[in-house]
Amino acid sequence: MEELAQRLIPVPEVGEDDVLIRVEVAGVASWDAVEREGDYDGVFGTASTFPYVLGWDAAGTVAALGSNVTRFEIGDRVYAATVPVVRGGFYAEYAVVEAEYVAHVPDRLPTEQAGAMAWDALTALSGLELLDLRSDETLMVFGASGGVGHMAVQLARHRGQRVLAVASGDDGVALAKRLGADAVVDGRKDDVLVAASEFAPTGLDAALVTVGGETAERALRAVKHTGRIAWPNGVYPVPATSPGATVSYYDGDRSRSAAERLNAIIATSTFETHVARTFAMEQVRDAHLALREHYVGKLTLRIASHDGTP
């Protein structure tokens, strides 16, 4: 990972529909590592150019506004989800994002948590909205101690669903329990299919899968044939055989309306982003090495403090 390095680059130009964010905290995620390896080159219709700034979600304060942007003011606390191609990501002191994909940080949420929230929470929310469960139905969240998963547990409980969380490791089980899952199993050592059958003897109504593989594929047999399975695009490997229930592959909705729905939930709940470790900007290489290790929740980069110092 010698290619990960800090460099001085110009502050991005602000278009008429843009928000320039002074970044305080950026999320560090598995897709950052995939992107760093070049696997996204050309995927979005544009070849990669260098220096290339990683980082898909972040929080900070508004530094400048485009002429068409009226719902923010300079200094507002905001979070955002972006795609680093073509304009650059959030591993930087300043980043520019279309206003459509920027939202105010809810008053009760620390900036440290908001910085690692956007893509994961919006992906979780989109999956739950796709499943459209009633408040009395059962849901399995597979990968419940990861980024998307631990947020999905909270959002599903807010919607009144009964949640079976499949987590990873003792710390993952403890996290899912603390966040309100009705039942929790360790996907590394427990028989998930047996646990699911005990949790919902007539079959699970739905599942949200954030980690693919053999164990996930086997566990999905516990979903009723009339049930639904939400599978975010980018979660691999996809099932080799049909689990019986309908599988819907989807992308997270990062629009203004989706962020407003998310913020409304956060404002009336105990929602949190669990941050496992925070790294200083000069430790970005260590942060990417940590992606290979076991951790629960999210990793973050501290770009700048509230007073603007790095």
# chains A, B, ... in the order shown; residues from 1 in each chain; ligands from 1

call {"tool": "residues_around", "arguments": {"residues": "Met151 (chain A)", "least_positions_apart": "4", "cutoff": "12 Å", "atoms": "only C-alpha atoms", "output": "PyMOL selection string"}}
result
chain A and resi 113+116-128+141-147+155-158+165+175-176+179-181+208+210+262+265-266+270-275+296-298

call {"tool": "select_by_dssp", "arguments": {"residues": "region 81-301 of chain A", "states": "strand (DSSP E)", "output": "PyMOL selection string"}}
result
chain A and resi 81+94-98+102-104+138-142+162-167+183-186+204-209+223-232+246-250+275-280+298-301

call {"tool": "closest_residue", "arguments": {"among": "A:Gln161, A:Thr226, A:Ser30, A:Ser197", "to": "Leu133 (chain A)", "atoms": "only C-alpha atoms"}}
result
A:Gln161

call {"tool": "atom_distance", "arguments": {"atom1": "CA of Ala195 (chain A)", "atom2": "CA of Val238 (chain A)"}}
result
22.3 Å

call {"tool": "select_by_dssp", "arguments": {"residues": "region 202-285 of chain A", "states": "alpha helix (DSSP H)", "output": "PDB file with C-alpha atoms, in the first residue's frame"}}
result
ATOM      1  CA  GLU A 214     -21.665 -20.345   2.312  1.00  0.00           C
ATOM      2  CA  THR A 215     -22.966 -19.649   5.826  1.00  0.00           C
ATOM      3  CA  ALA A 216     -25.237 -16.869   4.607  1.00  0.00           C
ATOM      4  CA  GLU A 217     -26.559 -19.035   1.777  1.00  0.00           C
ATOM      5  CA  ARG A 218     -27.377 -21.862   4.175  1.00  0.00           C
ATOM      6  CA  ALA A 219     -29.016 -19.514   6.687  1.00  0.00           C
ATOM      7  CA  ARG A 256     -32.127  14.177  -0.119  1.00  0.00           C
ATOM      8  CA  SER A 257     -35.469  12.522   0.634  1.00  0.00           C
ATOM      9  CA  ALA A 258     -33.768   9.330   1.865  1.00  0.00           C
ATOM     10  CA  ALA A 259     -31.480  11.332   4.157  1.00  0.00           C
ATOM     11  CA  GLU A 260     -34.496  13.216   5.501  1.00  0.00           C
ATOM     12  CA  ARG A 261     -36.240   9.929   6.324  1.00  0.00           C
ATOM     13  CA  LEU A 262     -33.070   8.718   8.050  1.00  0.00           C
ATOM     14  CA  ASN A 263     -32.716  11.954  10.024  1.00  0.00           C
ATOM     15  CA  ALA A 264     -36.327  11.733  11.184  1.00  0.00           C
ATOM     16  CA  ILE A 265     -35.603   8.297  12.652  1.00  0.00           C
ATOM     17  CA  ILE A 266     -32.378   9.426  14.309  1.00  0.00           C
ATOM     18  CA  ALA A 267     -34.138  12.412  15.882  1.00  0.00           C
ATOM     19  CA  VAL A 284      -4.368   6.311   6.636  1.00  0.00           C
ATOM     20  CA  ARG A 285      -2.174   3.330   5.735  1.00  0.00           C
TER      21      ARG A 285
END

call {"tool": "closest_residue", "arguments": {"among": "A:Ala304, A:Ala230, A:Val97, A:Val185", "to": "Ala152 (chain A)", "atoms": "only C-alpha atoms"}}
result
A:Ala230

call {"tool": "residues_around", "arguments": {"residues": "Glu198 (chain A)", "least_positions_apart": "5", "cutoff": "12 Å", "atoms": "only C-alpha atoms", "output": "list of chain:residue names"}}
result
A:Leu164, A:Ala183, A:Val184, A:Val185, A:Asp191, A:Val192, A:Leu193, A:Gly203, A:Leu204, A:Ala222

call {"tool": "atom_distance", "arguments": {"atom1": "CA of Val153 (chain A)", "atom2": "CA of Met140 (chain A)"}}
result
9.0 Å

call {"tool": "closest_residue", "arguments": {"among": "A:Asp251, A:Glu137, A:Glu73, A:Glu93", "to": "Leu8 (chain A)", "atoms": "only C-alpha atoms"}}
result
A:Glu93

call {"tool": "closest_residue", "arguments": {"among": "A:Val23, A:Ala290, A:Val102, A:Ala174", "to": "Arg254 (chain A)", "atoms": "only C-alpha atoms"}}
result
A:Val102

call {"tool": "closest_residue", "arguments": {"among": "A:Val28, A:Val14, A:Val209, A:Ala276", "to": "Glu98 (chain A)", "atoms": "only C-alpha atoms"}}
result
A:Val14

call {"tool": "atom_distance", "arguments": {"atom1": "CA of Ala95 (chain A)", "atom2": "CA of Leu289 (chain A)"}}
result
24.0 Å
